[in-house]
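Okay, structure first, notes after.
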Amino acid sequence: MQAAGRAELPDCRVLRAGRLQLWPRGGPETPVAAPPPLSMSCTSFETLTEEIRLKRGASGLGFNIIGGTDHQHFCNDSAIYVTKIKEEGPAALNGRLKEQDQILAINGRELCNLTHQEAVEIFRNSGDEVTLLVLKKIKTKNNQIDVSGFSPLVLAALGITVLAMFVYVKYRRRL
């Protein structure tokens, strides 16, 4: 089902353990995305909404956005996200707006179900002083090691090394 002027996105399916798998239009015969990397950390996200006031500078508000119904940043998510904070711009000088923050509203106007261009126009016509309602995702960890960037072979070698060091320390007087 393709709307006029829109590119068709691949189907998204949630598999067990919360994994997201992308499939081409034809179905699950050939996966498009690889499974997520191995992770032994207990990473989770908490959300927080924050109101941020900015005064427009010579080059705008000082950040770039992505998203909209026609330019989704995440599959099945047409929300507006901050992609870049420009150095020395109002957002950078304020310091509270961060990349990947979701902008829920600007001057009380919700940014729901808009195309990217409609969202850009709302930002451009928002006046010199703007109030942003922002959803922030705060990454939390439970003091565990994140091993998502390592291969299983490296993890096995690391485990053997740690075990060998433990045995050496425990029995070094006997050697």
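Here's how to read the names in the structure tokens: chain A, B, ... by the order shown, residue numbers from 1 in each chain, ligand numbers from 1 in the order shown.
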Problem - strand (DSSP E or B) residues, from DSSP on the backbone, in region 62-116 of chain A, as a ChimeraX atom specification - result: /A:63-67,74,77,80-85,102-106,109-110
Would you save the residues of that selection, restricted to N, CA and C atoms, as a short mmCIF file (atom, residue, chain, number, x, y, z; two decimals), in the first residue's frame?
data_model
loop_
_atom_site.label_atom_id
_atom_site.label_comp_id
_atom_site.auth_asym_id
_atom_site.auth_seq_id
_atom_site.Cartn_x
_atom_site.Cartn_y
_atom_site.Cartn_z
N PHE A 63 19.65 23.97 15.57
CA PHE A 63 19.65 22.51 15.50
C PHE A 63 18.90 22.05 14.26
N ASN A 64 19.18 20.81 13.86
CA ASN A 64 18.51 20.19 12.71
C ASN A 64 17.55 19.12 13.22
N ILE A 65 16.51 18.88 12.42
CA ILE A 65 15.53 17.86 12.79
C ILE A 65 15.39 16.82 11.68
N ILE A 66 14.84 15.68 12.06
CA ILE A 66 14.48 14.62 11.13
C ILE A 66 13.15 14.06 11.60
N GLY A 67 12.43 13.46 10.69
CA GLY A 67 11.17 12.82 11.06
C GLY A 67 10.02 13.36 10.26
N PHE A 74 12.63 6.36 12.68
CA PHE A 74 12.53 4.99 13.12
C PHE A 74 11.30 4.38 12.45
N ASP A 77 7.42 5.30 13.15
CA ASP A 77 7.51 6.40 14.10
C ASP A 77 7.69 7.69 13.32
N ILE A 80 9.22 13.82 15.46
CA ILE A 80 10.29 14.74 15.07
C ILE A 80 11.43 14.62 16.10
N TYR A 81 12.65 14.38 15.59
CA TYR A 81 13.82 14.20 16.44
C TYR A 81 14.90 15.21 16.09
N VAL A 82 15.73 15.56 17.08
CA VAL A 82 16.89 16.42 16.87
C VAL A 82 18.02 15.56 16.35
N THR A 83 18.62 15.95 15.21
CA THR A 83 19.71 15.16 14.65
C THR A 83 21.07 15.82 14.85
N LYS A 84 21.10 17.13 14.95
CA LYS A 84 22.39 17.82 15.10
C LYS A 84 22.19 19.12 15.85
N ILE A 85 23.07 19.38 16.79
CA ILE A 85 23.11 20.66 17.50
C ILE A 85 24.26 21.45 16.88
N GLN A 102 13.37 13.91 21.28
CA GLN A 102 12.14 13.98 20.47
C GLN A 102 11.42 15.27 20.83
N ILE A 103 11.06 16.05 19.81
CA ILE A 103 10.34 17.29 20.05
C ILE A 103 8.85 17.00 19.94
N LEU A 104 8.14 17.15 21.05
CA LEU A 104 6.71 16.85 21.10
C LEU A 104 5.87 18.04 20.64
N ALA A 105 6.31 19.26 20.99
CA ALA A 105 5.52 20.45 20.66
C ALA A 105 6.43 21.67 20.61
N ILE A 106 5.98 22.68 19.87
CA ILE A 106 6.68 23.95 19.81
C ILE A 106 5.63 25.04 20.03
N ARG A 109 2.08 23.88 20.15
CA ARG A 109 1.55 23.19 18.96
C ARG A 109 2.19 21.82 18.86
N GLU A 110 1.38 20.78 18.99
CA GLU A 110 1.90 19.41 18.92
C GLU A 110 2.40 19.09 17.52
#
Exercise for the section: Quick one: everything within 12 Å of Glu87 (chain A), counting only C-alpha atoms, minus sequence neighbours fewer than 5 positions away in the same chain. Send it as an NGL selection string. Expected result: :A and (59 or 61-64 or 92-95)
Handout entry: Which of region 66-159 of chain A fall in alpha helix (DSSP H), as a ChimeraX atom specification
Key = /A:90-94,116-124,152-159
Practice task
Compile the contact shell of region 125-133 of chain A as a ChimeraX atom specification: residues with an atom at most 6 Å away, counting only C-alpha atoms, same-chain residues fewer than 6 positions apart removed.
Solution key: /A:50-56,104-107
Residues just named, written with all heavy atoms as a compact mmCIF listing (two decimals), in the first residue's frame:
# COMPACT_ATOMS: atom_id res chain seq x y z
N GLU A 50 10.69 17.66 29.12
CA GLU A 50 11.33 18.89 29.58
C GLU A 50 10.89 20.04 28.69
O GLU A 50 10.76 19.86 27.48
CB GLU A 50 12.84 18.71 29.53
CG GLU A 50 13.62 19.87 30.08
CD GLU A 50 15.11 19.59 30.11
OE1 GLU A 50 15.56 18.50 29.72
OE2 GLU A 50 15.84 20.52 30.51
N GLU A 51 10.66 21.18 29.28
CA GLU A 51 10.32 22.38 28.53
C GLU A 51 11.59 23.22 28.37
O GLU A 51 12.26 23.52 29.36
CB GLU A 51 9.25 23.17 29.28
CG GLU A 51 8.54 24.17 28.43
CD GLU A 51 7.36 24.79 29.16
OE1 GLU A 51 7.57 25.80 29.86
OE2 GLU A 51 6.24 24.27 29.02
N ILE A 52 11.93 23.54 27.13
CA ILE A 52 13.15 24.29 26.84
C ILE A 52 12.78 25.55 26.08
O ILE A 52 12.09 25.49 25.07
CB ILE A 52 14.14 23.44 26.01
CG1 ILE A 52 14.52 22.17 26.78
CG2 ILE A 52 15.37 24.25 25.64
CD1 ILE A 52 15.36 21.19 25.99
N ARG A 53 13.25 26.69 26.57
CA ARG A 53 12.99 27.98 25.92
C ARG A 53 14.26 28.43 25.19
O ARG A 53 15.34 28.42 25.76
CB ARG A 53 12.56 29.02 26.92
CG ARG A 53 11.26 28.70 27.60
CD ARG A 53 10.96 29.71 28.71
NE ARG A 53 9.95 29.19 29.60
CZ ARG A 53 8.65 29.43 29.48
NH1 ARG A 53 8.23 30.18 28.49
NH2 ARG A 53 7.79 28.92 30.34
N LEU A 54 14.09 28.79 23.92
CA LEU A 54 15.21 29.26 23.11
C LEU A 54 14.85 30.56 22.43
O LEU A 54 13.69 30.77 22.06
CB LEU A 54 15.56 28.22 22.03
CG LEU A 54 16.04 26.85 22.48
CD1 LEU A 54 16.20 25.93 21.28
CD2 LEU A 54 17.35 26.97 23.25
N LYS A 55 15.84 31.42 22.26
CA LYS A 55 15.67 32.66 21.50
C LYS A 55 16.38 32.48 20.17
O LYS A 55 17.56 32.14 20.13
CB LYS A 55 16.25 33.85 22.27
CG LYS A 55 15.95 35.16 21.63
CD LYS A 55 16.35 36.31 22.52
CE LYS A 55 15.95 37.61 21.85
NZ LYS A 55 16.15 38.76 22.69
N ARG A 56 15.66 32.70 19.09
CA ARG A 56 16.19 32.50 17.74
C ARG A 56 17.39 33.40 17.51
O ARG A 56 17.40 34.58 17.86
CB ARG A 56 15.09 32.82 16.72
CG ARG A 56 15.46 32.45 15.29
CD ARG A 56 14.30 32.71 14.34
NE ARG A 56 13.08 32.04 14.71
CZ ARG A 56 12.78 30.77 14.38
NH1 ARG A 56 13.64 30.07 13.69
NH2 ARG A 56 11.64 30.24 14.75
N LEU A 104 8.14 17.15 21.05
CA LEU A 104 6.71 16.85 21.10
C LEU A 104 5.87 18.04 20.64
O LEU A 104 4.84 17.85 20.00
CB LEU A 104 6.31 16.45 22.52
CG LEU A 104 7.02 15.24 23.12
CD1 LEU A 104 6.64 15.07 24.59
CD2 LEU A 104 6.68 13.99 22.33
N ALA A 105 6.31 19.26 20.99
CA ALA A 105 5.52 20.45 20.66
C ALA A 105 6.43 21.67 20.61
O ALA A 105 7.50 21.70 21.22
CB ALA A 105 4.42 20.67 21.70
N ILE A 106 5.98 22.68 19.87
CA ILE A 106 6.68 23.95 19.81
C ILE A 106 5.63 25.04 20.03
O ILE A 106 4.62 25.09 19.34
CB ILE A 106 7.45 24.14 18.48
CG1 ILE A 106 8.19 25.48 18.48
CG2 ILE A 106 6.59 23.97 17.28
CD1 ILE A 106 9.23 25.61 17.41
N ASN A 107 5.85 25.87 21.03
CA ASN A 107 4.90 26.92 21.44
C ASN A 107 3.49 26.36 21.63
O ASN A 107 2.50 26.96 21.25
CB ASN A 107 4.88 28.06 20.41
CG ASN A 107 6.17 28.83 20.40
OD1 ASN A 107 6.94 28.79 21.35
ND2 ASN A 107 6.43 29.52 19.32
Problem - 9 Å contact set for Gly60 (chain A), only C-alpha atoms, chain neighbours under 6 positions out, as JSON, numbers by chain - result: {"A": [89, 90, 124, 128]}
